[in-house]
file entry-v8.cif (mmCIF, C-alpha atoms; chains and numbers go by the auth columns)
data_input
loop_
_atom_site.group_PDB
_atom_site.id
_atom_site.type_symbol
_atom_site.label_atom_id
_atom_site.label_comp_id
_atom_site.label_asym_id
_atom_site.label_seq_id
_atom_site.Cartn_x
_atom_site.Cartn_y
_atom_site.Cartn_z
_atom_site.B_iso_or_equiv
_atom_site.auth_seq_id
_atom_site.auth_asym_id
ATOM 1 C CA MET A 1 6.977 19.831 12.532 0.00 149 V
ATOM 2 C CA LYS A 2 6.282 16.224 13.481 0.00 150 V
ATOM 3 C CA ASP A 3 8.337 13.756 11.413 0.00 151 V
ATOM 4 C CA TYR A 4 5.706 11.162 10.486 0.00 152 V
ATOM 5 C CA GLU A 5 8.105 9.237 8.257 0.00 153 V
ATOM 6 C CA MET A 6 10.613 8.751 11.044 0.00 154 V
ATOM 7 C CA LEU A 7 7.882 7.755 13.487 0.00 155 V
ATOM 8 C CA SER A 8 6.577 5.167 11.005 0.00 156 V
ATOM 9 C CA LYS A 9 10.075 3.813 10.438 0.00 157 V
ATOM 10 C CA ILE A 10 10.769 3.475 14.178 0.00 158 V
ATOM 11 C CA HIS A 11 7.330 1.931 14.778 0.00 159 V
ATOM 12 C CA PHE A 12 7.691 -0.758 12.096 0.00 160 V
ATOM 13 C CA ASP A 13 11.387 -1.409 12.723 0.00 161 V
ATOM 14 C CA LYS A 14 10.397 -2.391 16.266 0.00 162 V
ATOM 15 C CA GLN A 15 7.540 -4.604 15.067 0.00 163 V
ATOM 16 C CA ALA A 16 9.369 -6.368 12.237 0.00 164 V
ATOM 17 C CA LYS A 17 10.551 -9.558 13.960 0.00 165 V
ATOM 18 C CA ILE A 18 7.109 -10.479 15.307 0.00 166 V
ATOM 19 C CA TYR A 19 4.865 -8.686 12.795 0.00 167 V
ATOM 20 C CA ASP A 20 3.737 -11.763 10.839 0.00 168 V
ATOM 21 C CA GLN A 21 3.107 -13.818 13.972 0.00 169 V
ATOM 22 C CA LYS A 22 1.335 -11.074 15.946 0.00 170 V
ATOM 23 C CA ASN A 23 -2.133 -11.367 14.394 0.00 171 V
ATOM 24 C CA THR A 24 -3.705 -8.462 16.292 0.00 172 V
ATOM 25 C CA ILE A 25 -4.729 -4.872 15.654 0.00 173 V
ATOM 26 C CA TYR A 26 -1.739 -2.524 15.185 0.00 174 V
ATOM 27 C CA TYR A 27 0.262 -5.514 13.959 0.00 175 V
ATOM 28 C CA SER A 28 -0.647 -7.712 10.997 0.00 176 V
ATOM 29 C CA LYS A 29 -4.371 -8.377 11.466 0.00 177 V
ATOM 30 C CA GLU A 30 -5.701 -5.683 9.087 0.00 178 V
ATOM 31 C CA GLY A 31 -2.760 -6.167 6.759 0.00 179 V
ATOM 32 C CA LYS A 32 -3.517 -9.848 6.304 0.00 180 V
ATOM 33 C CA ILE A 33 -7.169 -9.064 5.546 0.00 181 V
ATOM 34 C CA SER A 34 -6.176 -6.511 2.912 0.00 182 V
ATOM 35 C CA CYS A 35 -3.500 -8.766 1.425 0.00 183 V
ATOM 36 C CA ALA A 36 -5.914 -11.685 1.125 0.00 184 V
ATOM 37 C CA ASP A 37 -8.399 -9.435 -0.664 0.00 185 V
ATOM 38 C CA ILE A 38 -5.791 -8.125 -3.099 0.00 186 V
ATOM 39 C CA ALA A 39 -4.577 -11.657 -3.844 0.00 187 V
ATOM 40 C CA LYS A 40 -8.155 -12.719 -4.550 0.00 188 V
ATOM 41 C CA TYR A 41 -8.665 -9.734 -6.865 0.00 189 V
ATOM 42 C CA LEU A 42 -5.521 -10.639 -8.815 0.00 190 V
ATOM 43 C CA GLU A 43 -6.194 -14.369 -8.928 0.00 191 V
ATOM 44 C CA ASN A 44 -7.290 -14.337 -12.580 0.00 192 V
ATOM 45 C CA TYR A 45 -5.638 -11.059 -13.615 0.00 193 V
ATOM 46 C CA GLU A 46 -2.833 -11.240 -16.181 0.00 194 V
ATOM 47 C CA TYR A 47 0.342 -9.368 -15.290 0.00 195 V
ATOM 48 C CA ASP A 48 4.090 -9.746 -15.809 0.00 196 V
ATOM 49 C CA ASN A 49 5.383 -7.494 -13.047 0.00 197 V
ATOM 50 C CA LEU A 50 4.069 -5.982 -9.835 0.00 198 V
ATOM 51 C CA LEU A 51 5.276 -3.442 -7.280 0.00 199 V
ATOM 52 C CA ASP A 52 4.042 -3.620 -3.686 0.00 200 V
ATOM 53 C CA VAL A 53 4.528 -0.247 -1.964 0.00 201 V
ATOM 54 C CA GLY A 54 4.654 -0.448 1.808 0.00 202 V
ATOM 55 C CA THR A 55 5.400 -4.139 1.463 0.00 203 V
ATOM 56 C CA GLY A 56 6.403 -4.656 5.108 0.00 204 V
ATOM 57 C CA THR A 57 7.535 -8.252 5.563 0.00 205 V
ATOM 58 C CA GLY A 58 6.527 -9.147 2.005 0.00 206 V
ATOM 59 C CA TYR A 59 3.386 -10.961 3.118 0.00 207 V
ATOM 60 C CA LEU A 60 1.367 -9.975 0.028 0.00 208 V
ATOM 61 C CA ILE A 61 4.110 -10.962 -2.407 0.00 209 V
ATOM 62 C CA GLU A 62 4.424 -14.249 -0.561 0.00 210 V
ATOM 63 C CA LEU A 63 0.719 -14.911 -1.270 0.00 211 V
ATOM 64 C CA LEU A 64 0.957 -13.787 -4.883 0.00 212 V
ATOM 65 C CA ASN A 65 4.028 -15.926 -5.559 0.00 213 V
ATOM 66 C CA LYS A 66 1.975 -18.990 -4.674 0.00 214 V
ATOM 67 C CA GLN A 67 -0.690 -18.224 -7.255 0.00 215 V
ATOM 68 C CA LYS A 68 1.252 -16.699 -10.162 0.00 216 V
ATOM 69 C CA SER A 69 4.786 -16.581 -11.557 0.00 217 V
ATOM 70 C CA ALA A 70 5.786 -12.980 -12.270 0.00 218 V
ATOM 71 C CA SER A 71 8.468 -10.420 -11.452 0.00 219 V
ATOM 72 C CA TYR A 72 7.765 -8.963 -8.009 0.00 220 V
ATOM 73 C CA PHE A 73 9.180 -5.875 -6.334 0.00 221 V
ATOM 74 C CA GLY A 74 8.531 -4.839 -2.737 0.00 222 V
ATOM 75 C CA LEU A 75 9.413 -1.421 -1.299 0.00 223 V
ATOM 76 C CA ASP A 76 9.202 -0.238 2.302 0.00 224 V
ATOM 77 C CA LEU A 77 10.497 2.576 4.500 0.00 225 V
ATOM 78 C CA SER A 78 11.488 0.157 7.281 0.00 226 V
ATOM 79 C CA ASP A 79 14.917 -1.457 6.937 0.00 227 V
ATOM 80 C CA GLU A 80 13.981 -4.108 9.486 0.00 228 V
ATOM 81 C CA MET A 81 10.800 -5.071 7.629 0.00 229 V
ATOM 82 C CA ILE A 82 12.807 -5.393 4.410 0.00 230 V
ATOM 83 C CA LYS A 83 15.322 -7.646 6.193 0.00 231 V
ATOM 84 C CA ILE A 84 12.505 -10.007 7.197 0.00 232 V
ATOM 85 C CA ALA A 85 11.113 -9.933 3.664 0.00 233 V
ATOM 86 C CA LYS A 86 14.503 -10.720 2.102 0.00 234 V
ATOM 87 C CA ASN A 87 15.022 -13.627 4.492 0.00 235 V
ATOM 88 C CA LYS A 88 11.943 -15.305 3.004 0.00 236 V
ATOM 89 C CA LYS A 89 13.949 -15.754 -0.228 0.00 237 V
ATOM 90 C CA LEU A 90 10.879 -15.528 -2.434 0.00 238 V
ATOM 91 C CA PRO A 91 11.466 -16.421 -6.100 0.00 239 V
ATOM 92 C CA ASN A 92 11.588 -13.695 -8.782 0.00 240 V
ATOM 93 C CA THR A 93 11.389 -11.026 -6.087 0.00 241 V
ATOM 94 C CA ILE A 94 13.425 -7.946 -5.232 0.00 242 V
ATOM 95 C CA PHE A 95 12.913 -6.114 -1.936 0.00 243 V
ATOM 96 C CA LEU A 96 14.328 -2.651 -1.359 0.00 244 V
ATOM 97 C CA THR A 97 14.098 0.241 1.054 0.00 245 V
ATOM 98 C CA GLY A 98 12.465 3.361 -0.322 0.00 246 V
ATOM 99 C CA LYS A 99 9.743 5.999 -0.104 0.00 247 V
ATOM 100 C CA ALA A 100 6.302 6.001 -1.700 0.00 248 V
ATOM 101 C CA ASN A 101 6.676 9.576 -2.955 0.00 249 V
ATOM 102 C CA SER A 102 9.922 8.913 -4.856 0.00 250 V
ATOM 103 C CA LEU A 103 9.745 5.438 -6.379 0.00 251 V
ATOM 104 C CA PRO A 104 13.105 4.352 -7.877 0.00 252 V
ATOM 105 C CA PHE A 105 11.575 3.038 -11.103 0.00 253 V
ATOM 106 C CA PRO A 106 11.079 4.435 -14.623 0.00 254 V
ATOM 107 C CA ASP A 107 7.826 5.709 -16.071 0.00 255 V
ATOM 108 C CA ASN A 108 5.274 3.220 -17.438 0.00 256 V
ATOM 109 C CA TYR A 109 7.047 0.194 -15.967 0.00 257 V
ATOM 110 C CA PHE A 110 4.589 -1.900 -13.913 0.00 258 V
ATOM 111 C CA ASP A 111 1.416 -3.786 -14.792 0.00 259 V
ATOM 112 C CA VAL A 112 0.185 -3.647 -11.200 0.00 260 V
ATOM 113 C CA LEU A 113 0.974 -1.523 -8.149 0.00 261 V
ATOM 114 C CA THR A 114 -0.410 -2.530 -4.762 0.00 262 V
ATOM 115 C CA CYS A 115 -0.564 -0.728 -1.428 0.00 263 V
ATOM 116 C CA SER A 116 -2.041 -2.475 1.608 0.00 264 V
ATOM 117 C CA GLN A 117 -2.487 -0.885 5.038 0.00 265 V
ATOM 118 C CA SER A 118 0.283 1.604 4.336 0.00 266 V
ATOM 119 C CA PHE A 119 -1.318 4.649 2.726 0.00 267 V
ATOM 120 C CA HIS A 120 -2.578 6.147 6.006 0.00 268 V
ATOM 121 C CA HIS A 121 1.047 6.544 7.126 0.00 269 V
ATOM 122 C CA TYR A 122 2.058 8.745 4.183 0.00 270 V
ATOM 123 C CA PRO A 123 2.517 12.454 5.006 0.00 271 V
ATOM 124 C CA TYR A 124 2.449 12.977 1.217 0.00 272 V
ATOM 125 C CA PRO A 125 -0.663 11.062 0.018 0.00 273 V
ATOM 126 C CA LYS A 126 -1.127 13.022 -3.227 0.00 274 V
ATOM 127 C CA GLU A 127 2.544 12.696 -4.158 0.00 275 V
ATOM 128 C CA ALA A 128 2.459 8.947 -3.430 0.00 276 V
ATOM 129 C CA MET A 129 -0.578 8.528 -5.662 0.00 277 V
ATOM 130 C CA ALA A 130 1.073 10.566 -8.427 0.00 278 V
ATOM 131 C CA GLU A 131 4.125 8.297 -8.237 0.00 279 V
ATOM 132 C CA ALA A 132 1.901 5.226 -8.509 0.00 280 V
ATOM 133 C CA PHE A 133 0.364 6.728 -11.635 0.00 281 V
ATOM 134 C CA ARG A 134 3.779 7.536 -13.108 0.00 282 V
ATOM 135 C CA VAL A 135 5.323 4.083 -12.800 0.00 283 V
ATOM 136 C CA LEU A 136 2.260 2.176 -14.009 0.00 284 V
ATOM 137 C CA LYS A 137 1.882 1.243 -17.648 0.00 285 V
ATOM 138 C CA PRO A 138 -1.192 2.514 -19.512 0.00 286 V
ATOM 139 C CA ASN A 139 -4.059 0.186 -18.519 0.00 287 V
ATOM 140 C CA GLY A 140 -2.059 -0.810 -15.433 0.00 288 V
ATOM 141 C CA ILE A 141 -3.948 -0.997 -12.157 0.00 289 V
ATOM 142 C CA TYR A 142 -3.411 0.510 -8.716 0.00 290 V
ATOM 143 C CA ILE A 143 -4.942 -1.526 -5.884 0.00 291 V
ATOM 144 C CA LEU A 144 -5.113 0.362 -2.605 0.00 292 V
ATOM 145 C CA SER A 145 -6.500 -1.391 0.461 0.00 293 V
ATOM 146 C CA ASP A 146 -6.553 0.335 3.818 0.00 294 V
ATOM 147 C CA THR A 147 -8.466 1.014 7.010 0.00 295 V
ATOM 148 C CA GLY A 148 -10.200 4.350 7.315 0.00 296 V
ATOM 149 C CA ILE A 149 -13.239 6.419 8.084 0.00 297 V
ATOM 150 C CA GLY A 150 -14.809 9.570 6.698 0.00 298 V
ATOM 151 C CA GLY A 151 -16.703 12.621 7.889 0.00 299 V
ATOM 152 C CA ILE A 152 -16.211 14.240 11.286 0.00 300 V
ATOM 153 C CA ALA A 153 -14.551 11.092 12.679 0.00 301 V
ATOM 154 C CA ALA A 154 -11.814 11.353 10.034 0.00 302 V
ATOM 155 C CA TRP A 155 -11.327 15.027 10.849 0.00 303 V
ATOM 156 C CA ILE A 156 -10.879 14.186 14.529 0.00 304 V
ATOM 157 C CA ASP A 157 -8.350 11.438 13.710 0.00 305 V
ATOM 158 C CA ASN A 158 -6.382 13.562 11.252 0.00 306 V
ATOM 159 C CA ASN A 159 -6.321 16.747 13.308 0.00 307 V
ATOM 160 C CA ILE A 160 -6.409 15.611 16.936 0.00 308 V
ATOM 161 C CA ILE A 161 -5.702 11.895 17.452 0.00 309 V
ATOM 162 C CA PHE A 162 -2.928 11.222 14.901 0.00 310 V
ATOM 163 C CA PRO A 163 -0.815 14.263 15.891 0.00 311 V
ATOM 164 C CA LEU A 164 -0.716 12.823 19.432 0.00 312 V
ATOM 165 C CA MET A 165 0.249 9.291 18.365 0.00 313 V
ATOM 166 C CA LYS A 166 3.788 7.965 17.929 0.00 314 V
ATOM 167 C CA SER A 167 3.084 5.262 15.323 0.00 315 V
ATOM 168 C CA GLY A 168 3.341 7.539 12.296 0.00 316 V
ATOM 169 C CA ASP A 169 -0.360 7.455 11.395 0.00 317 V
ATOM 170 C CA TYR A 170 -1.031 10.591 9.358 0.00 318 V
ATOM 171 C CA PHE A 171 -4.173 10.554 7.232 0.00 319 V
ATOM 172 C CA THR A 172 -7.412 8.595 7.265 0.00 320 V
ATOM 173 C CA THR A 173 -10.247 8.569 4.777 0.00 321 V
ATOM 174 C CA ASN A 174 -12.745 6.035 3.482 0.00 322 V
ATOM 175 C CA LYS A 175 -13.170 4.349 0.100 0.00 323 V
ATOM 176 C CA ASN A 176 -15.002 7.386 -1.257 0.00 324 V
ATOM 177 C CA GLY A 177 -12.173 9.687 -0.232 0.00 325 V
ATOM 178 C CA ILE A 178 -9.586 7.430 -1.867 0.00 326 V
ATOM 179 C CA SER A 179 -11.733 7.172 -5.009 0.00 327 V
ATOM 180 C CA LYS A 180 -11.853 10.975 -5.225 0.00 328 V
ATOM 181 C CA MET A 181 -8.068 11.184 -4.831 0.00 329 V
ATOM 182 C CA MET A 182 -7.555 8.578 -7.550 0.00 330 V
ATOM 183 C CA ILE A 183 -9.803 10.490 -9.944 0.00 331 V
ATOM 184 C CA GLU A 184 -7.897 13.702 -9.191 0.00 332 V
ATOM 185 C CA ALA A 185 -4.676 11.786 -9.957 0.00 333 V
ATOM 186 C CA LYS A 186 -6.195 10.860 -13.391 0.00 334 V
ATOM 187 C CA PHE A 187 -7.003 7.226 -12.596 0.00 335 V
ATOM 188 C CA ASN A 188 -10.255 5.644 -13.699 0.00 336 V
ATOM 189 C CA VAL A 189 -11.801 4.020 -10.629 0.00 337 V
ATOM 190 C CA ILE A 190 -12.912 0.540 -11.678 0.00 338 V
ATOM 191 C CA ALA A 191 -13.780 -0.939 -8.270 0.00 339 V
ATOM 192 C CA LYS A 192 -14.397 0.203 -4.699 0.00 340 V
ATOM 193 C CA TYR A 193 -15.849 -1.881 -1.924 0.00 341 V
ATOM 194 C CA GLN A 194 -15.816 -2.551 1.795 0.00 342 V
ATOM 195 C CA ILE A 195 -14.076 -5.738 2.937 0.00 343 V
ATOM 196 C CA LYS A 196 -14.727 -5.819 6.664 0.00 344 V
ATOM 197 C CA ARG A 197 -15.820 -3.064 9.060 0.00 345 V
ATOM 198 C CA PHE A 198 -13.599 -0.073 8.170 0.00 346 V
ATOM 199 C CA ILE A 199 -11.287 -1.979 5.801 0.00 347 V
ATOM 200 C CA TYR A 200 -11.814 -1.197 2.120 0.00 348 V
ATOM 201 C CA THR A 201 -10.246 -1.697 -1.304 0.00 349 V
ATOM 202 C CA VAL A 202 -10.219 0.747 -4.205 0.00 350 V
ATOM 203 C CA VAL A 203 -8.853 -0.085 -7.669 0.00 351 V
ATOM 204 C CA GLY A 204 -7.798 2.558 -10.171 0.00 352 V
ATOM 205 C CA GLU A 205 -6.752 1.996 -13.774 0.00 353 V
ATOM 206 C CA LYS A 206 -4.292 4.230 -15.604 0.00 354 V
ATOM 207 C CA PRO A 207 -6.017 5.223 -18.845 0.00 355 V
ATOM 208 C CA LEU A 208 -4.526 4.379 -22.218 0.00 356 V
ATOM 209 C CA ILE A 209 -4.949 7.990 -23.303 0.00 357 V
ATOM 210 C CA ILE A 210 -4.311 10.605 -20.618 0.00 358 V
ATOM 211 C CA LYS A 211 -6.416 13.754 -20.995 0.00 359 V
#
call {"tool": "encode", "arguments": {"input": "entry-v8.cif", "output": "structure tokens"}}
result
Amino acid sequence: MKDYEMLSKIHFDKQAKIYDQKNTIYYSKEGKISCADIAKYLENYEYDNLLDVGTGTGYLIELLNKQKSASYFGLDLSDEMIKIAKNKKLPNTIFLTGKANSLPFPDNYFDVLTCSQSFHHYPYPKEAMAEAFRVLKPNGIYILSDTGIGGIAAWIDNNIIFPLMKSGDYFTTNKNGISKMMIEAKFNVIAKYQIKRFIYTVVGEKPLIIK
């Protein structure tokens, strides 16, 4: 079976040193769009701690640090991306290597969990979403921003195109597909919108009382 995790790790390890500077598709272009949108969404949102899953070079946390003082954590599969992130020496921030389907944090710990342009690389999307739910506090929010499509085009990507690629891309869907997954994971979807072309953001809230 194709090892999508290893392909993603190799792909982003190679890109790490020039990722922030290379503002093109397949590098940081879509990521910067998603990160800017998430930062805008959180501009007036009160939180004490935040976990960014698939943090890459820490670009989102770098933006957030400029607008709010809080405890920040960034996690990524790529050791080389984490090295770049650590070298930024961002205040009140811890970067670590890890996997989205086994987050090394206790239950009900974070006020906010973010995931930008990373989810389509996960060969375990449902498990990753369940982990996001687990580590969030009740009333905590999960902000997922990604690029994706739906319908027959998504089927072609997921079943024909992605299996042929070597970048670790695994699963594409649109904002409606992500919303459905969040609801199945017991989140309340409180926002979903298109940012630009195929780039979207969906926000789920962990309910205070879980049914």
call {"tool": "closest_residue", "arguments": {"input": "entry-v8.cif", "among": "V:Leu312, V:Met154, V:Leu212, V:Leu225", "to": "V:Ser266", "atoms": "only C-alpha atoms"}}
result
V:Leu225
call {"tool": "closest_residue", "arguments": {"input": "entry-v8.cif", "among": "V:Ile309, V:Leu356, V:Val201, V:Ala218", "to": "V:Pro286", "atoms": "only C-alpha atoms"}}
result
V:Leu356
call {"tool": "resolve_selection", "arguments": {"input": "entry-v8.cif", "expression": "the PyMOL selection byres ((chain V and resi 195) around 8)", "output": "MDAnalysis selection string"}}
result
chainID V and resid 193:194 196:198 218 259:260
call {"tool": "residues_around", "arguments": {"input": "entry-v8.cif", "residues": "V:Gln163", "least_positions_apart": "5", "cutoff": "12 Å", "atoms": "all atoms listed in the file", "output": "PyMOL selection string"}}
result
chain V and resi 156-158+168-172+174-176+204-205+226-230+232+315
call {"tool": "resolve_selection", "arguments": {"input": "entry-v8.cif", "expression": "the PyMOL selection byres ((chain V and resi 354) around 8)", "output": "PyMOL selection string"}}
result
chain V and resi 281+284-290+334-336+352-353+355-356
call {"tool": "atom_distance", "arguments": {"input": "entry-v8.cif", "atom1": "atom CA of V:Ala276", "atom2": "atom CA of V:Asn249"}}
result
4.3 Å
call {"tool": "residues_around", "arguments": {"input": "entry-v8.cif", "residues": "V:Ile242", "least_positions_apart": "4", "cutoff": "12 Å", "atoms": "only C-alpha atoms", "output": "PDB file with C-alpha atoms, in the frame of the given file"}}
result
ATOM      1  CA  ASN V 197       5.383  -7.494 -13.047  1.00  0.00           C
ATOM      2  CA  LEU V 198       4.069  -5.982  -9.835  1.00  0.00           C
ATOM      3  CA  LEU V 199       5.276  -3.442  -7.280  1.00  0.00           C
ATOM      4  CA  ASP V 200       4.042  -3.620  -3.686  1.00  0.00           C
ATOM      5  CA  THR V 203       5.400  -4.139   1.463  1.00  0.00           C
ATOM      6  CA  GLY V 206       6.527  -9.147   2.005  1.00  0.00           C
ATOM      7  CA  ILE V 209       4.110 -10.962  -2.407  1.00  0.00           C
ATOM      8  CA  GLU V 210       4.424 -14.249  -0.561  1.00  0.00           C
ATOM      9  CA  ALA V 218       5.786 -12.980 -12.270  1.00  0.00           C
ATOM     10  CA  SER V 219       8.468 -10.420 -11.452  1.00  0.00           C
ATOM     11  CA  TYR V 220       7.765  -8.963  -8.009  1.00  0.00           C
ATOM     12  CA  PHE V 221       9.180  -5.875  -6.334  1.00  0.00           C
ATOM     13  CA  GLY V 222       8.531  -4.839  -2.737  1.00  0.00           C
ATOM     14  CA  LEU V 223       9.413  -1.421  -1.299  1.00  0.00           C
ATOM     15  CA  ASP V 224       9.202  -0.238   2.302  1.00  0.00           C
ATOM     16  CA  ILE V 230      12.807  -5.393   4.410  1.00  0.00           C
ATOM     17  CA  LYS V 231      15.322  -7.646   6.193  1.00  0.00           C
ATOM     18  CA  ALA V 233      11.113  -9.933   3.664  1.00  0.00           C
ATOM     19  CA  LYS V 234      14.503 -10.720   2.102  1.00  0.00           C
ATOM     20  CA  ASN V 235      15.022 -13.627   4.492  1.00  0.00           C
ATOM     21  CA  LYS V 236      11.943 -15.305   3.004  1.00  0.00           C
ATOM     22  CA  LYS V 237      13.949 -15.754  -0.228  1.00  0.00           C
ATOM     23  CA  LEU V 238      10.879 -15.528  -2.434  1.00  0.00           C
TER      24      LEU V 238
END
call {"tool": "atom_distance", "arguments": {"input": "entry-v8.cif", "atom1": "atom CA of V:Ser327", "atom2": "atom CA of V:Asn306"}}
result
18.3 Å
call {"tool": "atom_distance", "arguments": {"input": "entry-v8.cif", "atom1": "atom CA of V:Ile326", "atom2": "atom CA of V:Val350"}}
result
7.1 Å
call {"tool": "resolve_selection", "arguments": {"input": "entry-v8.cif", "expression": "the PyMOL selection byres ((chain V and resi 274) around 12)", "output": "list in words"}}
result
Ala248, Asn249, Ser250, Phe267, His268, Tyr270, Pro271, Tyr272, Pro273, Glu275, Ala276, Met277, Ala278, Glu279, Ala280, Phe281, Phe319, Gly325, Ile326, Lys328, Met329, Met330, Ile331, Glu332, Ala333 and Lys334 of chain V
